[in-house]
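Only one structure is covered here, and it is reproduced in the block below.
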Amino acid sequence: AAAAAAAAAAAAAAESSIDTFTHLSSSESQLHAVLADSVYLPCDKRKGVVATVDPHQIQSGDDVCHAVWYAYVGGSKYRGFWYSAALCHLVLAERGTVGDADDLQRDALLALSLGRAAMSGRARDSAAELAEQARSHQCRRITATGHSLGGTVAAYVTCTSQQSTSPICSGHVFNPGGLPDCARSLSCLLASAEIVVHRIRGDKISVGFLPALQRLYNRRPGYEETDSHRMVHFLK
């Protein structure tokens with residue numbers, strides 16, 4: 001009986017380890033996770049990253065994944081931009097709650113299901129900075145990412161950018177905050193951009209955010225006792 005119980009526990013642990021973000025996600029999703037985490041650093045500490053990309057993204061003609069450099073090209077305490085010259089790919093990364101009065105007010109408004117009021121100020125600034133970055137770089141593709149409040153902002157900016165001069169083609173958001181919102185759901189479902197919601201099982205903050213679009217994962221092995229909302233569960 002003890003041996004059977006031990007075997008069952010080992011099998012459950014193995015299944016839990018496989019059903020994680022690292023094992024289930026694409027290289028594209030993993031790039032956006034790294035940048036959603038990197039934007040938490042102060043502006044002067046942010047650096048470029050090396051990303052593994054699928055062959056079809058660089059049209060290499062082979063089946064081998066390639067390493068591509070994404071340079072940090074600017075931003076503010078609320079957001080950062082990374083750019084790959086090889087792919088002409090610009091990424092907007094929105095930071096989670098900064099801790100100032102404005103962001104704390106945004107969190108409060110989200111808790112009251114007032115998403116548009118919560119997002120409008122940061123989204124407006126984000127769109128302006130994105131337009132400036134798009135003018136400064138040759139962009140074949142623009143994507144967005146963010147964690148927690150940053151994920152909520154990134155999804156909002158992605159959906160509302162479609163009529164702008166710098167439309168975002170897809171957004172990867174990680175444990176984004178917010179209660180169920182019919183207006184948000186309709187906006188995201190009607191947008192031509194793809195919104196991918198990555199959520200760790202057990203995270204209460206993101207449970208109501210676009211539930212129909214959520215991809216669920218277990219906590220990162222070795223971090224089972226760490227709060228499921230933390231970005232660490234999306235990193236290697």
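By convention in this document, the chains of the structure tokens carry letters A, B, ... by their order, each chain's residues are numbered from 1, and ligands are numbered from 1 in the order they are shown.
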
Spatial neighbours of A:Leu41, max dist 12 Å, only C-alpha atoms, sep filter under 4 positions, as a compact mmCIF listing (two decimals) with all heavy atoms, in the first residue's frame:
# COMPACT_ATOMS: atom_id res chain seq x y z
N VAL A 34 9.56 36.54 -20.57
CA VAL A 34 10.84 37.12 -20.14
C VAL A 34 10.77 38.64 -20.14
O VAL A 34 11.23 39.31 -19.20
CB VAL A 34 11.98 36.64 -21.07
CG1 VAL A 34 13.25 37.44 -20.83
CG2 VAL A 34 12.24 35.16 -20.86
N LEU A 35 10.14 39.22 -21.15
CA LEU A 35 10.06 40.68 -21.23
C LEU A 35 9.05 41.24 -20.22
O LEU A 35 9.26 42.32 -19.68
CB LEU A 35 9.70 41.10 -22.66
CG LEU A 35 10.74 40.71 -23.72
CD1 LEU A 35 10.34 41.23 -25.09
CD2 LEU A 35 12.14 41.19 -23.34
N ALA A 36 7.97 40.49 -19.96
CA ALA A 36 7.02 40.92 -18.94
C ALA A 36 7.69 40.96 -17.56
O ALA A 36 7.32 41.76 -16.70
CB ALA A 36 5.81 39.99 -18.92
N ASP A 37 8.67 40.09 -17.36
CA ASP A 37 9.43 40.08 -16.12
C ASP A 37 10.51 41.16 -16.12
O ASP A 37 10.72 41.85 -15.12
CB ASP A 37 10.06 38.70 -15.91
CG ASP A 37 10.83 38.59 -14.62
OD1 ASP A 37 10.22 38.73 -13.54
OD2 ASP A 37 12.06 38.38 -14.67
N LYS A 45 18.50 49.52 -15.46
CA LYS A 45 18.96 48.16 -15.25
C LYS A 45 18.45 47.19 -16.32
O LYS A 45 18.87 46.03 -16.37
CB LYS A 45 18.49 47.65 -13.88
CG LYS A 45 18.99 48.48 -12.69
CD LYS A 45 20.50 48.40 -12.54
CE LYS A 45 20.95 49.16 -11.29
NZ LYS A 45 22.43 49.15 -11.14
N ARG A 46 17.57 47.65 -17.17
CA ARG A 46 17.01 46.78 -18.20
C ARG A 46 18.04 46.54 -19.30
O ARG A 46 18.81 47.45 -19.66
CB ARG A 46 15.75 47.41 -18.80
CG ARG A 46 14.63 47.56 -17.79
CD ARG A 46 13.46 48.36 -18.36
NE ARG A 46 12.48 48.69 -17.34
CZ ARG A 46 11.51 49.57 -17.49
NH1 ARG A 46 11.36 50.19 -18.65
NH2 ARG A 46 10.67 49.81 -16.51
N LYS A 47 18.04 45.32 -19.83
CA LYS A 47 19.02 44.95 -20.85
C LYS A 47 18.34 44.23 -22.00
O LYS A 47 17.17 43.84 -21.91
CB LYS A 47 20.10 44.06 -20.23
CG LYS A 47 20.89 44.71 -19.10
CD LYS A 47 21.90 43.74 -18.52
CE LYS A 47 22.70 44.38 -17.39
NZ LYS A 47 23.68 43.42 -16.80
N TYR A 72 17.01 46.44 -25.75
CA TYR A 72 16.13 47.35 -25.02
C TYR A 72 16.30 48.73 -25.63
O TYR A 72 17.41 49.27 -25.70
CB TYR A 72 16.50 47.37 -23.53
CG TYR A 72 15.69 48.37 -22.75
CD1 TYR A 72 14.32 48.20 -22.59
CD2 TYR A 72 16.29 49.50 -22.19
CE1 TYR A 72 13.56 49.12 -21.89
CE2 TYR A 72 15.54 50.43 -21.47
CZ TYR A 72 14.18 50.24 -21.33
OH TYR A 72 13.42 51.15 -20.63
N GLY A 75 11.91 53.38 -22.64
CA GLY A 75 10.69 53.19 -21.88
C GLY A 75 10.64 54.11 -20.68
O GLY A 75 11.34 55.13 -20.60
N SER A 76 9.81 53.76 -19.71
CA SER A 76 9.61 54.55 -18.50
C SER A 76 9.39 53.58 -17.34
O SER A 76 9.52 52.37 -17.51
CB SER A 76 8.38 55.45 -18.66
OG SER A 76 7.20 54.65 -18.76
N LYS A 77 9.04 54.11 -16.18
CA LYS A 77 8.81 53.21 -15.05
C LYS A 77 7.58 52.35 -15.26
O LYS A 77 7.42 51.32 -14.61
CB LYS A 77 8.67 54.01 -13.75
CG LYS A 77 7.43 54.89 -13.66
CD LYS A 77 7.37 55.58 -12.31
CE LYS A 77 6.12 56.43 -12.16
NZ LYS A 77 6.04 57.08 -10.83
N TYR A 78 6.70 52.75 -16.18
CA TYR A 78 5.48 51.99 -16.43
C TYR A 78 5.61 50.96 -17.54
O TYR A 78 4.85 50.00 -17.60
CB TYR A 78 4.34 52.94 -16.82
CG TYR A 78 3.89 53.85 -15.70
CD1 TYR A 78 4.13 55.22 -15.76
CD2 TYR A 78 3.23 53.34 -14.58
CE1 TYR A 78 3.71 56.06 -14.74
CE2 TYR A 78 2.81 54.18 -13.56
CZ TYR A 78 3.04 55.54 -13.65
OH TYR A 78 2.63 56.37 -12.63
N ARG A 79 6.56 51.16 -18.44
CA ARG A 79 6.65 50.26 -19.60
C ARG A 79 8.04 50.28 -20.20
O ARG A 79 8.85 51.19 -19.95
CB ARG A 79 5.62 50.67 -20.66
CG ARG A 79 5.86 52.04 -21.27
CD ARG A 79 4.67 52.53 -22.09
NE ARG A 79 3.44 52.50 -21.30
CZ ARG A 79 3.06 53.52 -20.52
NH1 ARG A 79 3.77 54.62 -20.43
NH2 ARG A 79 1.94 53.44 -19.82
N GLY A 80 8.31 49.28 -21.05
CA GLY A 80 9.58 49.24 -21.76
C GLY A 80 9.36 48.70 -23.16
O GLY A 80 8.34 48.06 -23.45
N ALA A 93 6.22 46.13 -23.43
CA ALA A 93 6.04 45.39 -22.18
C ALA A 93 5.52 46.36 -21.11
O ALA A 93 6.20 47.34 -20.80
CB ALA A 93 7.34 44.75 -21.72
N GLU A 94 4.33 46.09 -20.59
CA GLU A 94 3.74 46.93 -19.56
C GLU A 94 4.04 46.34 -18.19
O GLU A 94 3.85 45.14 -17.96
CB GLU A 94 2.22 47.03 -19.76
CG GLU A 94 1.80 47.90 -20.93
CD GLU A 94 1.95 49.38 -20.64
OE1 GLU A 94 2.04 49.77 -19.45
OE2 GLU A 94 1.97 50.17 -21.63
N ARG A 95 4.49 47.19 -17.29
CA ARG A 95 4.85 46.76 -15.93
C ARG A 95 3.60 46.59 -15.07
O ARG A 95 2.61 47.28 -15.26
CB ARG A 95 5.77 47.80 -15.29
CG ARG A 95 6.37 47.41 -13.95
CD ARG A 95 6.97 48.65 -13.29
NE ARG A 95 7.75 48.33 -12.10
CZ ARG A 95 7.26 48.03 -10.90
NH1 ARG A 95 5.95 47.97 -10.73
NH2 ARG A 95 8.07 47.80 -9.87
N GLY A 96 3.68 45.66 -14.11
CA GLY A 96 2.62 45.54 -13.11
C GLY A 96 2.60 46.75 -12.20
O GLY A 96 3.35 47.71 -12.40
N VAL A 98 3.09 49.75 -10.13
CA VAL A 98 4.33 50.44 -9.77
C VAL A 98 4.37 50.73 -8.27
O VAL A 98 5.43 50.68 -7.65
CB VAL A 98 4.46 51.75 -10.58
CG1 VAL A 98 5.63 52.59 -10.09
CG2 VAL A 98 4.63 51.43 -12.07

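Of the listed residues (A:Ala123, A:Val232, A:Ala86, A:Val49), A:Ala123 comes nearest to A:Thr160; the distances count only C-alpha atoms.
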
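Rounded to one decimal, atom CA of A:Ala144 and atom CA of A:Ile195 lie 9.4 Å from each other.
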
(request) Find the residues around A:Tyr70 up to 12 Å (only C-alpha atoms counted), leave out those fewer than 3 positions away in its own chain, and share them as a list in words. (result) Leu31, His32, Val34, Leu35, Arg46, Lys47, Gly48, Val49, Val50, Ala51, Thr52, Val53, Ala67, Val73, Phe81, Trp82, Tyr83, Ser84, Ala85, Ala86, Leu87, Cys88, His89, Leu90, Val91 and Leu92 of chain A

Those same residues - N, CA and C atoms - I'd like them written as a PDB file, in the first residue's frame.
ATOM      1  N   LEU A  31       9.260  34.208 -24.849  1.00  0.00           N
ATOM      2  CA  LEU A  31       9.900  35.514 -25.051  1.00  0.00           C
ATOM      3  C   LEU A  31       9.109  36.599 -24.337  1.00  0.00           C
ATOM      4  N   HIS A  32       7.791  36.578 -24.521  1.00  0.00           N
ATOM      5  CA  HIS A  32       6.971  37.620 -23.914  1.00  0.00           C
ATOM      6  C   HIS A  32       6.945  37.510 -22.392  1.00  0.00           C
ATOM      7  N   VAL A  34       9.555  36.539 -20.567  1.00  0.00           N
ATOM      8  CA  VAL A  34      10.840  37.121 -20.141  1.00  0.00           C
ATOM      9  C   VAL A  34      10.767  38.645 -20.138  1.00  0.00           C
ATOM     10  N   LEU A  35      10.142  39.218 -21.154  1.00  0.00           N
ATOM     11  CA  LEU A  35      10.056  40.678 -21.234  1.00  0.00           C
ATOM     12  C   LEU A  35       9.052  41.236 -20.224  1.00  0.00           C
ATOM     13  N   ARG A  46      17.566  47.651 -17.167  1.00  0.00           N
ATOM     14  CA  ARG A  46      17.008  46.780 -18.204  1.00  0.00           C
ATOM     15  C   ARG A  46      18.042  46.542 -19.300  1.00  0.00           C
ATOM     16  N   LYS A  47      18.038  45.324 -19.833  1.00  0.00           N
ATOM     17  CA  LYS A  47      19.020  44.954 -20.846  1.00  0.00           C
ATOM     18  C   LYS A  47      18.339  44.226 -21.997  1.00  0.00           C
ATOM     19  N   GLY A  48      19.098  44.024 -23.047  1.00  0.00           N
ATOM     20  CA  GLY A  48      18.605  43.229 -24.154  1.00  0.00           C
ATOM     21  C   GLY A  48      18.556  41.762 -23.767  1.00  0.00           C
ATOM     22  N   VAL A  49      17.808  40.981 -24.538  1.00  0.00           N
ATOM     23  CA  VAL A  49      17.690  39.547 -24.250  1.00  0.00           C
ATOM     24  C   VAL A  49      17.891  38.760 -25.540  1.00  0.00           C
ATOM     25  N   VAL A  50      18.386  37.551 -25.376  1.00  0.00           N
ATOM     26  CA  VAL A  50      18.502  36.622 -26.502  1.00  0.00           C
ATOM     27  C   VAL A  50      17.284  35.705 -26.451  1.00  0.00           C
ATOM     28  N   ALA A  51      16.563  35.625 -27.551  1.00  0.00           N
ATOM     29  CA  ALA A  51      15.358  34.798 -27.608  1.00  0.00           C
ATOM     30  C   ALA A  51      15.518  33.699 -28.641  1.00  0.00           C
ATOM     31  N   THR A  52      14.938  32.553 -28.342  1.00  0.00           N
ATOM     32  CA  THR A  52      14.882  31.455 -29.302  1.00  0.00           C
ATOM     33  C   THR A  52      13.598  31.588 -30.104  1.00  0.00           C
ATOM     34  N   VAL A  53      13.708  31.618 -31.426  1.00  0.00           N
ATOM     35  CA  VAL A  53      12.530  31.808 -32.272  1.00  0.00           C
ATOM     36  C   VAL A  53      12.376  30.635 -33.231  1.00  0.00           C
ATOM     37  N   ALA A  67      18.594  31.757 -32.454  1.00  0.00           N
ATOM     38  CA  ALA A  67      18.726  32.744 -31.389  1.00  0.00           C
ATOM     39  C   ALA A  67      18.725  34.132 -32.007  1.00  0.00           C
ATOM     40  N   VAL A  73      15.215  49.340 -26.064  1.00  0.00           N
ATOM     41  CA  VAL A  73      15.312  50.592 -26.823  1.00  0.00           C
ATOM     42  C   VAL A  73      14.628  51.769 -26.142  1.00  0.00           C
ATOM     43  N   PHE A  81      10.334  48.949 -24.034  1.00  0.00           N
ATOM     44  CA  PHE A  81      10.254  48.489 -25.415  1.00  0.00           C
ATOM     45  C   PHE A  81      11.523  47.724 -25.772  1.00  0.00           C
ATOM     46  N   TRP A  82      11.333  46.582 -26.405  1.00  0.00           N
ATOM     47  CA  TRP A  82      12.438  45.772 -26.910  1.00  0.00           C
ATOM     48  C   TRP A  82      12.246  45.578 -28.411  1.00  0.00           C
ATOM     49  N   TYR A  83      13.376  45.562 -29.138  1.00  0.00           N
ATOM     50  CA  TYR A  83      13.281  45.517 -30.603  1.00  0.00           C
ATOM     51  C   TYR A  83      14.310  44.555 -31.175  1.00  0.00           C
ATOM     52  N   SER A  84      13.838  43.718 -32.108  1.00  0.00           N
ATOM     53  CA  SER A  84      14.724  42.820 -32.840  1.00  0.00           C
ATOM     54  C   SER A  84      14.897  43.356 -34.254  1.00  0.00           C
ATOM     55  N   ALA A  85      16.107  43.801 -34.577  1.00  0.00           N
ATOM     56  CA  ALA A  85      16.372  44.290 -35.926  1.00  0.00           C
ATOM     57  C   ALA A  85      16.308  43.163 -36.946  1.00  0.00           C
ATOM     58  N   ALA A  86      16.675  41.948 -36.516  1.00  0.00           N
ATOM     59  CA  ALA A  86      16.660  40.809 -37.434  1.00  0.00           C
ATOM     60  C   ALA A  86      15.240  40.466 -37.880  1.00  0.00           C
ATOM     61  N   LEU A  87      14.282  40.640 -36.970  1.00  0.00           N
ATOM     62  CA  LEU A  87      12.897  40.285 -37.269  1.00  0.00           C
ATOM     63  C   LEU A  87      12.011  41.504 -37.516  1.00  0.00           C
ATOM     64  N   CYS A  88      12.571  42.701 -37.307  1.00  0.00           N
ATOM     65  CA  CYS A  88      11.766  43.936 -37.384  1.00  0.00           C
ATOM     66  C   CYS A  88      10.548  43.801 -36.475  1.00  0.00           C
ATOM     67  N   HIS A  89      10.806  43.340 -35.273  1.00  0.00           N
ATOM     68  CA  HIS A  89       9.759  43.041 -34.301  1.00  0.00           C
ATOM     69  C   HIS A  89       9.919  43.935 -33.081  1.00  0.00           C
ATOM     70  N   LEU A  90       8.891  44.724 -32.791  1.00  0.00           N
ATOM     71  CA  LEU A  90       8.879  45.618 -31.634  1.00  0.00           C
ATOM     72  C   LEU A  90       7.931  45.049 -30.579  1.00  0.00           C
ATOM     73  N   VAL A  91       8.409  44.986 -29.337  1.00  0.00           N
ATOM     74  CA  VAL A  91       7.588  44.473 -28.240  1.00  0.00           C
ATOM     75  C   VAL A  91       7.390  45.564 -27.189  1.00  0.00           C
ATOM     76  N   LEU A  92       6.130  45.807 -26.866  1.00  0.00           N
ATOM     77  CA  LEU A  92       5.766  46.692 -25.760  1.00  0.00           C
ATOM     78  C   LEU A  92       5.533  45.828 -24.530  1.00  0.00           C
TER      79      LEU A  92
END

(request) Output as an MDAnalysis selection string all residues of stretch 109-236 of chain A that backbone DSSP marks as helix (DSSP H, G or I). (result) chainID A and resid 109:111 115:136 149:160 182:190 211:213 231:234
